[in-house]
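Peer 1: Would you mind keeping the following structure in view while I ask a few things?
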Amino acid sequence: MKLLKSPALRRLFLFLAIMGPGIITSNVDNDAGGITTYSVAGAALGYKILWLFIPMIVALVVIQEMCTRMGAVTGKGLADLIRERFGVKITFYAMTGLLLGNLGNIMSEFAGVAASMELFGVSKYISLPLAALFTWWLVLRWSYKVVERVFLAACLIYFCYIFSGYLAHPDWGEVAKQLVVPHFTFNSTYVVIVVGIIGTTIAPWMQFYIQSAVVEKGITVKDYTYTKYDVIVGSIMVNLIALFIVISCAATLHVHGIKVDSAKEAALALTPLAGPWASTLFAIGLLNASLFSASILPLSTAYFLCEAFGIEAGIDKSWREAPAFYWLYTVLIIIGAGVILVPNISLIAVMFWSQVVNGIMLPFVLIFMLYLVNNKDIMGDYVNGPIFNIISWVTVVIMISLSLVMLWTSLFQT
């Protein structure tokens, strides 16, 4: 009983009760497309891309915190606020762009399920229907609290990549150096990979999902301090895992001059270079990430589309109470898995370029967010401070600049 009266222990229990939206949302970003992007980056560029992760942690914490704060203060999702403040027409165009980007992402998740199960000798014609049925059943059958616990458990499996990176025996001195020494070149491949990494680490859909999750969980300003810790833990964790994926491929594939086009190729190539355990752990991580994200991305898409047009949404509601929400979720899963079942289809380009599209769309979503979070009519005393605004606007300017550089180098560089 004395332990329960301890302020530190009470704070820990409160954090454990509140945690979920930040950790889950961040870790979903290490999805099949993300793992492919990090694998390609590590194989193509080696350790020279590692410096990007420290500023990305800072940017991700700031951006995710703004969304959770808006959700806690207003009790409304991001799409809902955009519709209220910008009108249905602008909302329609914004949601159409996000829907198209998310469709590519959802397909890439099921492509990741198929690729990872093929590494274990299971045909996609068996794995994909089972994966689609599982993700659909999970959300339809259980409450938000149960679904969240399943997702939190899935987050732990990402640590496979840390062990895989350790087994690759990287040059830790070089890793430490490249983490703090920026390196940039205007080569088109380098720029596209940088945009892809930022796009998969700070994806537009994340901002909609985390705010909806905060609202559905019933988190208010009173509980908000613990939600900030949730965001910080999630942001550090997702970047740490991504860092080790790059390190795994840089220490093995890049060193031996092996280039890959997918996470599956990276897992196969690791076997002779880092041993079967590194390859197996890489494949397990890919399966977990793909299955996890194949549940979250259709859910996020259903949330923001319903919120954008004032339609009832939420896992804790029945199909009768929120039919459009559940039909959207169902159709997105069917499309995502169904396209990958087409014989001889290759979606490596979709998996990589969907992350690049995320990077291009991110500044537009951030501009909406910055308008909303700085509006006193909406946020009252909880508007952004100057430091958060500076970091956010710098992120917007950098992403727009990188997108323009990427377009220029792709068109005119020989």
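Ordering of the structure tokens sets the chain letters (A, B, ...); residue numbers start at 1 within each chain; ligands are numbered from 1 in the order shown.
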Could you give me, as a Markdown table, a per-residue list for region 276-297 of chain A showing, wherever an atom lies at most 12 Å from an atom of region 188-212 of chain A, the closest pair of atoms and their distance in Å to one decimal, using only C-alpha atoms and sorting by chain then residue number from low to high?
Peer 2:
| residue | atom | partner | partner_atom | distance |
| --- | --- | --- | --- | --- |
| A:Ser293 | CA | A:Met206 | CA | 11.4 |
| A:Ile296 | CA | A:Tyr209 | CA | 8.5 |
| A:Leu297 | CA | A:Trp205 | CA | 7.9 |
Peer 1: Go ahead and save the residues from that selection, with N, CA and C atoms, as a tab-separated table (two decimals), in the first residue's frame.
Peer 2:
chain	number	residue	atom	x	y	z
A	293	SER	N	1.24	-2.52	-39.70
A	293	SER	CA	0.86	-1.34	-40.48
A	293	SER	C	-0.34	-1.60	-41.39
A	296	ILE	N	-3.13	-0.62	-39.18
A	296	ILE	CA	-3.22	0.79	-38.80
A	296	ILE	C	-3.53	1.72	-39.97
A	297	LEU	N	-2.89	1.50	-41.13
A	297	LEU	CA	-3.06	2.45	-42.23
A	297	LEU	C	-4.48	2.52	-42.77
Peer 1: If DSSP is run on the backbone, what residues of region 208-405 of chain A are alpha helix (DSSP H)? A reply as a ChimeraX atom specification would be ideal.
Peer 2: /A:208-217,224-249,263-274,276-308,323-340,348-373,376-379,386-405
Peer 1: Only C-alpha atoms, please: the residues just picked out, written as a CSV table (one decimal), in the first residue's frame.
Peer 2:
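Below is the file that was written, result.csv:
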chain,number,residue,atom,x,y,z
A,208,PHE,CA,-4.4,12.4,-38.5
A,209,TYR,CA,-4.1,9.0,-36.8
A,210,ILE,CA,-2.5,10.2,-33.6
A,211,GLN,CA,-5.0,13.0,-33.1
A,212,SER,CA,-7.9,10.6,-33.7
A,213,ALA,CA,-6.4,8.1,-31.3
A,214,VAL,CA,-6.0,10.7,-28.6
A,215,VAL,CA,-9.7,11.7,-29.0
A,216,GLU,CA,-10.9,8.1,-29.1
A,217,LYS,CA,-8.9,7.3,-25.9
A,224,TYR,CA,-1.7,15.7,-21.3
A,225,THR,CA,1.7,15.7,-19.6
A,226,TYR,CA,1.9,11.9,-19.8
A,227,THR,CA,0.9,11.9,-23.4
A,228,LYS,CA,3.9,14.1,-24.2
A,229,TYR,CA,6.1,11.4,-22.7
A,230,ASP,CA,4.4,8.9,-24.9
A,231,VAL,CA,5.2,11.0,-28.0
A,232,ILE,CA,8.8,11.4,-26.9
A,233,VAL,CA,9.3,7.6,-26.3
A,234,GLY,CA,7.6,6.7,-29.6
A,235,SER,CA,9.7,9.2,-31.6
A,236,ILE,CA,13.0,8.0,-30.1
A,237,MET,CA,12.0,4.3,-30.6
A,238,VAL,CA,11.0,4.6,-34.2
A,239,ASN,CA,14.2,6.4,-35.2
A,240,LEU,CA,16.3,4.0,-33.2
A,241,ILE,CA,14.9,1.0,-35.0
A,242,ALA,CA,15.2,2.8,-38.4
A,243,LEU,CA,18.8,3.7,-37.5
A,244,PHE,CA,19.7,0.0,-36.9
A,245,ILE,CA,18.0,-1.1,-40.2
A,246,VAL,CA,20.3,1.4,-42.1
A,247,ILE,CA,23.3,0.2,-40.0
A,248,SER,CA,22.5,-3.5,-40.8
A,249,CYS,CA,22.5,-2.8,-44.5
A,263,ALA,CA,13.6,-5.3,-47.8
A,264,LYS,CA,13.1,-8.9,-48.9
A,265,GLU,CA,16.3,-8.7,-51.0
A,266,ALA,CA,18.1,-7.1,-48.0
A,267,ALA,CA,17.0,-10.0,-45.8
A,268,LEU,CA,18.2,-12.6,-48.3
A,269,ALA,CA,21.5,-10.8,-48.8
A,270,LEU,CA,22.3,-10.6,-45.1
A,271,THR,CA,22.5,-14.4,-44.8
A,272,PRO,CA,26.0,-14.9,-46.3
A,273,LEU,CA,27.3,-11.6,-44.9
A,274,ALA,CA,26.0,-11.5,-41.3
A,276,PRO,CA,21.3,-16.7,-40.9
A,277,TRP,CA,20.2,-15.2,-37.5
A,278,ALA,CA,20.6,-11.7,-38.8
A,279,SER,CA,18.6,-12.5,-41.9
A,280,THR,CA,15.9,-14.3,-40.0
A,281,LEU,CA,15.5,-11.5,-37.5
A,282,PHE,CA,15.3,-9.0,-40.4
A,283,ALA,CA,12.5,-11.1,-42.0
A,284,ILE,CA,10.6,-11.4,-38.7
A,285,GLY,CA,10.8,-7.7,-38.3
A,286,LEU,CA,9.5,-7.1,-41.8
A,287,LEU,CA,6.5,-9.5,-41.2
A,288,ASN,CA,5.6,-7.8,-37.9
A,289,ALA,CA,5.9,-4.3,-39.4
A,290,SER,CA,3.8,-5.2,-42.5
A,291,LEU,CA,1.0,-6.9,-40.5
A,292,PHE,CA,1.0,-4.1,-37.9
A,293,SER,CA,0.9,-1.3,-40.5
A,294,ALA,CA,-1.7,-3.2,-42.6
A,295,SER,CA,-4.0,-2.8,-39.6
A,296,ILE,CA,-3.2,0.8,-38.8
A,297,LEU,CA,-3.1,2.5,-42.2
A,298,PRO,CA,-6.6,1.5,-43.4
A,299,LEU,CA,-7.8,2.5,-39.9
A,300,SER,CA,-6.1,5.9,-40.2
A,301,THR,CA,-7.5,6.4,-43.6
A,302,ALA,CA,-11.0,5.5,-42.5
A,303,TYR,CA,-10.7,7.9,-39.6
A,304,PHE,CA,-9.6,10.9,-41.5
A,305,LEU,CA,-12.1,10.5,-44.4
A,306,CYS,CA,-15.0,10.1,-42.0
A,307,GLU,CA,-13.9,13.0,-39.8
A,308,ALA,CA,-13.4,15.2,-42.8
A,323,PRO,CA,-21.2,1.8,-41.1
A,324,ALA,CA,-19.2,4.1,-43.5
A,325,PHE,CA,-16.2,3.9,-41.2
A,326,TYR,CA,-16.2,0.1,-41.2
A,327,TRP,CA,-17.0,-0.2,-44.9
A,328,LEU,CA,-14.1,2.1,-45.7
A,329,TYR,CA,-11.8,0.0,-43.5
A,330,THR,CA,-13.0,-3.2,-45.2
A,331,VAL,CA,-12.7,-1.9,-48.8
A,332,LEU,CA,-9.2,-0.6,-48.2
A,333,ILE,CA,-8.0,-3.9,-46.9
A,334,ILE,CA,-9.6,-5.8,-49.8
A,335,ILE,CA,-8.0,-3.4,-52.3
A,336,GLY,CA,-4.6,-3.5,-50.6
A,337,ALA,CA,-4.4,-7.3,-50.4
A,338,GLY,CA,-6.3,-7.9,-53.6
A,339,VAL,CA,-3.8,-6.0,-55.8
A,340,ILE,CA,-0.8,-7.9,-54.4
A,348,ILE,CA,8.8,-2.4,-55.2
A,349,ALA,CA,8.5,1.0,-56.9
A,350,VAL,CA,5.1,1.6,-55.2
A,351,MET,CA,6.7,0.8,-51.8
A,352,PHE,CA,9.6,3.2,-52.3
A,353,TRP,CA,7.8,6.0,-54.1
A,354,SER,CA,4.8,6.0,-51.7
A,355,GLN,CA,7.3,7.2,-49.1
A,356,VAL,CA,8.6,9.9,-51.4
A,357,VAL,CA,5.0,11.1,-52.0
A,358,ASN,CA,4.6,11.2,-48.2
A,359,GLY,CA,7.6,13.5,-48.1
A,360,ILE,CA,6.2,15.8,-50.8
A,361,MET,CA,2.8,16.0,-49.1
A,362,LEU,CA,4.1,16.6,-45.6
A,363,PRO,CA,4.7,20.4,-45.8
A,364,PHE,CA,1.1,21.0,-46.9
A,365,VAL,CA,-0.3,19.0,-43.9
A,366,LEU,CA,2.1,20.9,-41.6
A,367,ILE,CA,0.9,24.2,-42.9
A,368,PHE,CA,-2.7,23.2,-42.0
A,369,MET,CA,-1.6,22.1,-38.6
A,370,LEU,CA,0.4,25.3,-37.9
A,371,TYR,CA,-2.5,27.5,-38.7
A,372,LEU,CA,-4.8,25.5,-36.4
A,373,VAL,CA,-2.4,25.1,-33.5
A,376,LYS,CA,-6.3,31.1,-30.1
A,377,ASP,CA,-10.0,30.6,-30.9
A,378,ILE,CA,-9.3,26.8,-31.2
A,379,MET,CA,-6.4,26.3,-28.7
A,386,PRO,CA,8.1,30.3,-30.6
A,387,ILE,CA,10.5,27.3,-30.5
A,388,PHE,CA,7.9,24.8,-31.8
A,389,ASN,CA,6.9,27.2,-34.5
A,390,ILE,CA,10.5,27.7,-35.6
A,391,ILE,CA,11.2,24.0,-35.8
A,392,SER,CA,7.9,23.3,-37.6
A,393,TRP,CA,8.4,26.1,-40.2
A,394,VAL,CA,12.0,25.0,-40.8
A,395,THR,CA,10.7,21.5,-41.4
A,396,VAL,CA,8.2,22.9,-43.9
A,397,VAL,CA,10.9,24.9,-45.7
A,398,ILE,CA,13.3,22.0,-45.8
A,399,MET,CA,10.7,19.6,-47.2
A,400,ILE,CA,9.6,22.0,-49.9
A,401,SER,CA,13.2,22.8,-50.9
A,402,LEU,CA,14.1,19.1,-51.0
A,403,SER,CA,11.1,18.3,-53.1
A,404,LEU,CA,12.1,21.0,-55.6
A,405,VAL,CA,15.7,19.8,-55.7
Peer 1: List as a list in words the protein and nucleic acid residues near Ile49 (chain A), meaning an atom at most 10 Å away when only C-alpha atoms are counted, but skip any in the same chain fewer than 2 places from it.
Peer 2: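 So the residues in contact are Tyr38, Ala41, Gly42, Ala44, Leu45, Gly46, Tyr47, Trp51, Leu52, Phe53, Gln178, Leu179, Val181, Pro182, His183, Phe184, Tyr190, Ile193, Val194, Ile197, Leu243, Val246, Ile247 and Ala250 of chain A.
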Peer 1: How many Å separate CA of Ala114 (chain A) from CA of Leu128 (chain A)?
Peer 2: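 One can read the CA of Ala114 (chain A) to CA of Leu128 (chain A) distance as 6.3 Å.
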Peer 1: Which one of A:Thr74, A:Gln64, A:Asn344, A:Asn187 sits closest to Lys124 (chain A) if you count only C-alpha atoms?
Peer 2: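 Checking each of A:Thr74, A:Gln64, A:Asn344, A:Asn187 against Lys124 (chain A), counting only C-alpha atoms, the winner is A:Asn344.
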Peer 1: Measure the distance from CA of Lys48 (chain A) to CA of Phe186 (chain A) in Å and round it to one decimal.
Peer 2: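 CA of Phe186 (chain A) lies 13.7 Å from CA of Lys48 (chain A).
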Peer 1: Which one is closest to Thr91 (chain A): A:Val73, A:Leu50, A:Ala79, A:Ala115? Count only C-alpha atoms.
Peer 2: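 Closest candidate: A:Ala79.
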Peer 1: What's around Glu321 (chain A) at 9 Å? Count only C-alpha atoms, leave out sequence neighbours fewer than 4 positions away in its own chain, and write the answer as a ChimeraX atom specification.
Peer 2: /A:312-313,317
Peer 1: List as a PyMOL selection string the protein and nucleic acid residues near Lys89 (chain A), meaning an atom at most 12 Å away when only C-alpha atoms are counted, but skip any in the same chain fewer than 6 places from it.
Peer 2: chain A and resi 82-83+95-96+308-309
Peer 1: For CA of Met56 (chain A) and CA of Ser116 (chain A), quote the distance in Å rounded to one decimal.
Peer 2: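 Pair CA of Met56 (chain A) / CA of Ser116 (chain A) returns 27.5 Å.
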